[in-house]
Each structure stands twice: as structure tokens, then as C-alpha cells.
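A.B. asks: One structure, pasted below without further comment.
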Amino acid sequence: MEFAFTDEQEMIRESADSFLQDVSTSEAVRAAMATDQGFDSELWQRLCQEMYWQALHIPEEYGGLGLGYVELAILFEEMGRRLFCSPFFSTVAMGVNALLVAGNEEQKQQWLPQIAEGSLTATLGLASSQQNRDNRRWDASSVQATARKEGDGYVLSGSWHYVPDGHTAGLLILAAREEGSKGEAGIRLFAVSADSEGVQSHWTPTMDQTRKQAKVEIDNLFVSADCCLGGEGTSDWPALEQVLQLASVAIAAEQAGGARQVMELTINYTRERVQFGRTIASFQAIKHRAADMMLQVECAKSAVYYAACVADEVLKSLSSSEQVSEVKDELPEAAALAKAYCSDAFFHCAAESIQLHGGVGFTWEYDPHLYFKRAKSTETFLGDGGLHRERIARQLLDDSGQVKG
Amino acid sequence: MKISFSPEDEQFRAEVATWLKENLTGEFEQLRFRGGPGDEHMFPEERKKWEQHMAKAGWLCVGWPEEYGGRGLSINQQVIFNEEYARAGGPGHMGHIGEGLAGPTIIAFGTEEQKQRFLPGIANGTEYWCQGYSEPSAGSDLANVKTKAAMNESTGQWEISGQKVWTSLAHESDWCFVIARTEPGSKGHKGLSFLLVPMDQPGIEVRPIEQLTGTSEFNEVFFDNAVTDASNIVGKPGDGWKIALALLGFERGVSTLGQQMQFLNEMDEIIRIAKKNGAAEDPAIRQRIADAWMGLRIMRYNALRMLSGSQDGSSPADGSLQKEAMIYKLHWATWHANLGKLAMDVLGPESELLEEGPYELTRLQSMYLFTRSDTIYGGSNEIQRNIIAERALEMPKEPRQAK
């Protein structure tokens, strides 16, 4: 047990920090968010060719760097700090994780090297229900698109909502259910090329402009059986659930970074703003609120780093036959905990940022609103604090009654 | 960064668990899960005996270097030891102030003679310590200490006069470490010294403070020309403030993990009650239980970060603290106060009923009431926020008026 970063991990953080500080300035974020695409293609290619971040946790046999989830969490944290606009979250947290967890050898060979070399971006479509109450749960019930078995394949139909970068991703991993199935049964994941005939993706403008979403529509598209991730016959829900947990850890890392940055820029502002003949940072009313922010930021980081360590063990267990520590079994709890805590912490800090900036915090010109909007979109995506706390409550209160500790 | 333990460490875990299983039995059985926060007044003699029993097998002061009677455990092994100790229901340590505060301070700043004199008594569980910091007019403003000490050249002893307050376990202690003003006319943090004072003497009177719990873990200690030998000063005259701050750093070491396991036991009980009385079906209660659980897990992660970031499980001796350490007190104290309220809310109307009259509280009632002191002692939440804002975030300091 060593709950501190290695020198190599610190180096990754430093290089991410300096790269992003350069390329993801407030001006760059505002320029990217004003586009439909949502990111600067040239910059994305630079990232892919110079930094290899998109390949970070892809195993070496598929052209990746083969690093772990802690290293990945560091990148997400740094990107979250700078509100970096890119298809990194959708491609890596959703696409790559789905292929690693659910894909078979052929599917990994087919897609991962393309992602690793930077020629392909990916995403995952989950919510396809027309009923808002199901979509709020971010679980199997929100999967309502259908996959009808036909010959040597399936016919897909449905519409997927809130798909991150769904209008620009080259590879769509779509959740659908066998006709007539309910709950966690009959769920399948399909890897579909976005340029397949009959696939329609539309950008859906969002309140948080730094993170683009799309609606994907498919009407009776035949896909061959080898597009179906993993094996046939059993439900893919456990795999999909694990992908969502891994993605939650990634979002939580972004949130921890966002919370930290918005706290820092706020404190810097209070050091400059003078009222009543002194900087407002010298008022205890401000200092105590800053201290409460820092407490939440540090707790958020702890929650993320722990969850990243757990996720690391999970990924190791996928790629190796060696015996892996039972720590991996903690993923459902660690991911829910990190997502719940970091969602609330980021929202709190971003809201405080507007308040402590006073009037200028309410302007478009100053940055607090960018963080405030990102805080909300990431809080909602994959479930808010209340939802994830309920998942933890279920584990504590509804199971055999054994509390782990 | 890695959170799993090595096979050697897991082997060690089994060794600890086995020893506790075989030894926390017989006359010690009644001590299981006792003596924690809010329960410190229970079974004092029996708990001292238990600590002596542990010491014989080398399980007291496990983080201390072996040359001073400790076991020299690595941080990982100390983490494991604390986890297993609490899992087994090991009682709260009567000697925690000696083991966690006085001992490490003497190891870091004491002379060789002081180490020889004081460390064995702590390590074998025969000498117990209390802490003489706060005074009626020096609570949050600790530098406002008024207790005086002067060297009597004819007797070769320090003579101490003044009053300390909120001294826990004073009536059970053999020694007290006292912050006293040794430079007449000095102000603030200058002119203070760190003295080791024997409790059993005519110049010291201990008066229990009746707390809102109806019990008296805390005391007032009156010093009226109390004496201690010239050699019983840690550091030099005037070093008191530096040493006092370093000691507060030790408070955030491995022992916090033991405290957390105590909290875990409380959570377990609350969860058990909630499942039994139906509170577990109330959505609002479910959210709060989950939230408390998250807070406890995060407390553990914070502690692991804090421990992994330092060599010996404590903060640097210069009194500087890592950020993780600065938020630690504010986090656990606030969390625990919320847990106290949650416990009562889960109990519902039952929460009002005493164990028995006239005022014997149940364990959870006692915890609930006691948590109101958590956010005050050892630096109130407000002081913690000042520390975080000024030291970690480098915001302007509070104005300090010349006295």
C-alpha cells in the first residue's frame, strides 16, 4: 500500500499541467465551445501525435502505452481543471473502456489500434428511453433501443440521447436490448461505425458548451453478429455497468480538477478585489468559505485517487491471468462514492465562485460561469449525488447486512 | 499509487488478528468496543491492565522505534494493526496521550536521559499522561498562556503556578506536559516552555468538570507552586511554542486510523438499528446514511494520503503540515457531529429514553452529546478554517492586536 504518486506519475501530471496551461486557455475554451464540433481538430491531433494521451491505458499489444488508471485519472483531473474541450472523455472513458471491458479479441484488434494512433474517436450511447424517469437512473432501465435477432446478426432501432460527442465520434458503441427483454436482461452492446448507412447523429446544443452532446438515431439497421461486443446469449449489463463505473471515476477526476481550479481562481480574485480599504480575502467571512472549499477539494481528490487505484486493479484483472487483489471488488462502491462526492464538491465550489466574485461572477466575460455550467453537466451525466448515494445505501442497507470496512 | 497490501503485510494482518482473538478474552472480554470517545470514563483500571498485557507481547506503541520499547512497525503495518485492533473491538487506549503525543515529542526533542526516564513507562503501560495546554483565557488563543513557571535555584526545581482546563484523564494520569510561561513579562508565543510535571504532589489539584453529558472526562487542573525537577524541560526555555506545535502534528498520525475504526463501529450500530426499526426504508435517512458512510471512507483515504506522504506517519517536525493534514480535524469533527445527529434521527422517539435514571446515557446518546465537543477541542472548527485559509491557501492573516 502506497497512497502517494510515484515520480513517474508526478511527471505525467507536470507535463499535462504545462501542456494544458498553454493550449486550454480561457480564450481557447471559448473558441472551441462556440463551434458545433466542440474542439479544435488540429489541437486534438497534436495531443494524439505528441502526447499519446488517447493511447495511455490501451494495452501495448493494441498499440497503446499500457499505463494504468491512476495515470489516466491524473490526465482527467488536469483536463477538468482547464475545461479542456476535446473528444478525450468520450473516446477514452467511454469508448476505450467499453472495448476493454466488453470487447472480444477481434474487436479489440479492430478498433483499439485506430484509437491509439489518433485516427478514430469513439463514444457510447446508453439512454434511449423516451421516459424521463428512466433516463434519470442511468441504469439498465434507460436502455430501450431494440436489437432484433435476424439471421446472422441483429436489426437495431432506436434513438440514443445525451451521447457525448456523438455527432463527431467515428465509432459508436450503442446499448440496445433484445425485443421483449426487461431490466438487466437482454442488454447488448454494439460497435457501429458512425458512417454506416442509416446512422444519423445530430448535435444537440447544451447549456454547458464545453462538452458537446448528440442524439443518435437508427431505424432498422442490420449489423452482423461480430459487431456485438463480447459473447452472445447472456446479458451484457454487468459489462456495461462496469464501463459506466469506470467512466464515473473519470468524470469524478475531471470534477475534482475543476473544483480545485475554480477554487484557486476565486481565491486569486479575492486577493485582488479591494473593498472597504482592504482585499476581500482578508475578511473572515471569505476565508472560512475558502477553507470549506479546500476541504471539499482535498476530499474529492482522495475519493478520486482511491477509486482510480481500484479501477486500476479492475483493468489488470481483465488483461492478466495473474491473481489480482480483491480490491477490484470495491469498484461499484468506490465509483459511486467518487461520483457523488465530486459532483457535489464541484457544484459547491463553482457556485461559491460566482458568489465570491460578486457582480462580475454573473458576467459572460469572467470564467466562473464556465465552471458552474461544467459542474452541472458533469453532475447530471451518469447520475447525480443523490442517485449514487442511493446505490451506496442499497449496498449498506439492503444486502446481507455485512458492512465492509 | 497502490492501495493493495503485500502478501507479507497480509500475513502480518493475520498474526495481529489471531493474537487479539486469543487475548481479548476472559477478564478482558468486557472491554470490547469500550473506552472510545464519550466512553472514556469506563473501566479505567481494567483498561490499564489490558494495556500492560498488550505491552508484554509487544503490542503497545507499535510505531515507536524498537530502541525505545516500540515495535518499529512500518506505516503499512501500523495501518493494519489499527484496523485489526478496532475490528476486534479493542478498547480505547488509556495511554493514548502518552503513546501518541508525549512519547513522540520526547523521542523528537528530548534528551537521552529523558528518553530513558519516560519512554519505558509509556511503552510498558505503567505510566499515564495528560496534556496541559488550554487555560481559561487561552482556548483558541493558545499563545495567551498565563500559567507561570520559574526556576528555584536553591531547590533546583521549576515552580509552577496557574490553571489548566479541559485536561482529559487528569485524574488517571501520572504525568502532565505543561506549557508554561518561563520568561516573566513575555507575551504571545515567546517565552513559553514545555515542562514535564508529576501529577501526584501537594501543589496540584484536579477538579472534574461536569459536562453536559453529566459525566466528567475533562478536568480543571490547578497548579499552586507545583514542582518538577530542573531536568524535566523538553528543549530549552523558550522553545515551548515550537514543541507545542510539533506535538499537534503528531496528533494527526497513525492513531487517527484507530479513531476511524471506532467511528466505523458506531456506523455499524446505526445501520443495524436502521435496518431493524425501518428507518432504512426512509429515503431521506438512506441518503444521510450513505453520506455518512462516504465521509468515513474519505476520512480513511485522507489518512492514507497523509501517512503515505510522510516517513514516520506524522507531520514534519517543524510544525508545518501537509494540506491533507490541515483539513483532517475539520473534516472528522464535522462528520462526527453529523453522525451523532443521524444516530438520534435513526432511533426516532427511542432516542429520548435513557439507559436508566437519573441521567445514564446510552452509548449512542453519549456519542451524540459528546460530538458537540469534537468541533471545539483541539482547535475549534473556526480556528481550523483560519489555519486552512492562512497556511494552506495563504490568505491574509487575522489582525493580531498588541497586548
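Following the order of the C-alpha cells, first chain is A, next is B, and so on, with residues numbered from 1 inside each chain and ligands from 1 in the order they appear.
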Could you write out as a ChimeraX atom specification the residues of chain A within 7 Å of chain B, counting only C-alpha atoms?
C.D. replies: /A:1-6,281-282,287-288,290-291,295,298-299,302-303,306,309,325,327,337,386,389-390,392-393,397
A.B. asks: As number ranges by chain, please: the residues near A:Arg136 (cut-off 10 Å, only C-alpha atoms, same-chain neighbours under 3 positions excluded).
C.D. replies: A: 127, 131-133, 139, 141-142, 380-384, 387
A.B. asks: In Å, how far is it from atom CA of A:Arg394 to atom CA of A:Lys301?
C.D. replies: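 The value is 24.5 Å.
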A.B. asks: Find the residues near A:Ala334: any atom within 9 Å, counting only C-alpha atoms, skip ones fewer than 3 places away on the same chain, and give them as JSON, numbers by chain.
C.D. replies: {"A": [245, 249, 303, 304, 306, 307, 308, 310, 311, 330, 331, 337, 338, 339]}
A.B. asks: For A:Thr206, work out the shell of residues within 12 Å, counting only C-alpha atoms and skipping chain neighbours fewer than 3 positions away, then give it as a PyMOL selection string.
C.D. replies: chain A and resi 33-36+38+162-165+203+209-215+373-374+376-377
A.B. asks: Residues at most 8 Å from stretch 166-170 of chain B, counting only C-alpha atoms, excluding those fewer than 6 positions away in the same chain, as a PyMOL selection string?
C.D. replies: chain B and resi 129-135+176+206+209+217-221
A.B. asks: Identify all residues of stretch 27-126 of chain A in helix (DSSP H, G or I) (DSSP on the backbone) and supply them as a ChimeraX atom specification.
C.D. replies: /A:27-33,41-51,53-55,60-62,69-81,88-102,105-116
A.B. asks: By how many Å are atom CA of B:Glu210 and atom CA of B:Ser161 apart?
C.D. replies: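 Computing it gives 23.5 Å between the two atoms.
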A.B. asks: Figure out the distance between atom CA of B:Leu195 and atom CA of B:Thr256, please, to one decimal in Å.
C.D. replies: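 Computed distance, atom CA of B:Thr256 to atom CA of B:Leu195, equals 25.6 Å.
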A.B. asks: What lies within 10 Å of stretch 180-190 of chain B using only C-alpha atoms, ignoring chain neighbours under 3 positions off, as a PyMOL selection string?
C.D. replies: chain B and resi 132-133+141-151+158-162+164+177+193-195+237-242+402-403
A.B. asks: Extract, using only C-alpha atoms, all DNA, RNA and protein residues at most 9 Å from B:Arg32, discarding same-chain residues fewer than 6 positions from it, and format them as JSON, numbers by chain.
C.D. replies: {"B": [24, 25, 88, 89, 90, 91]}
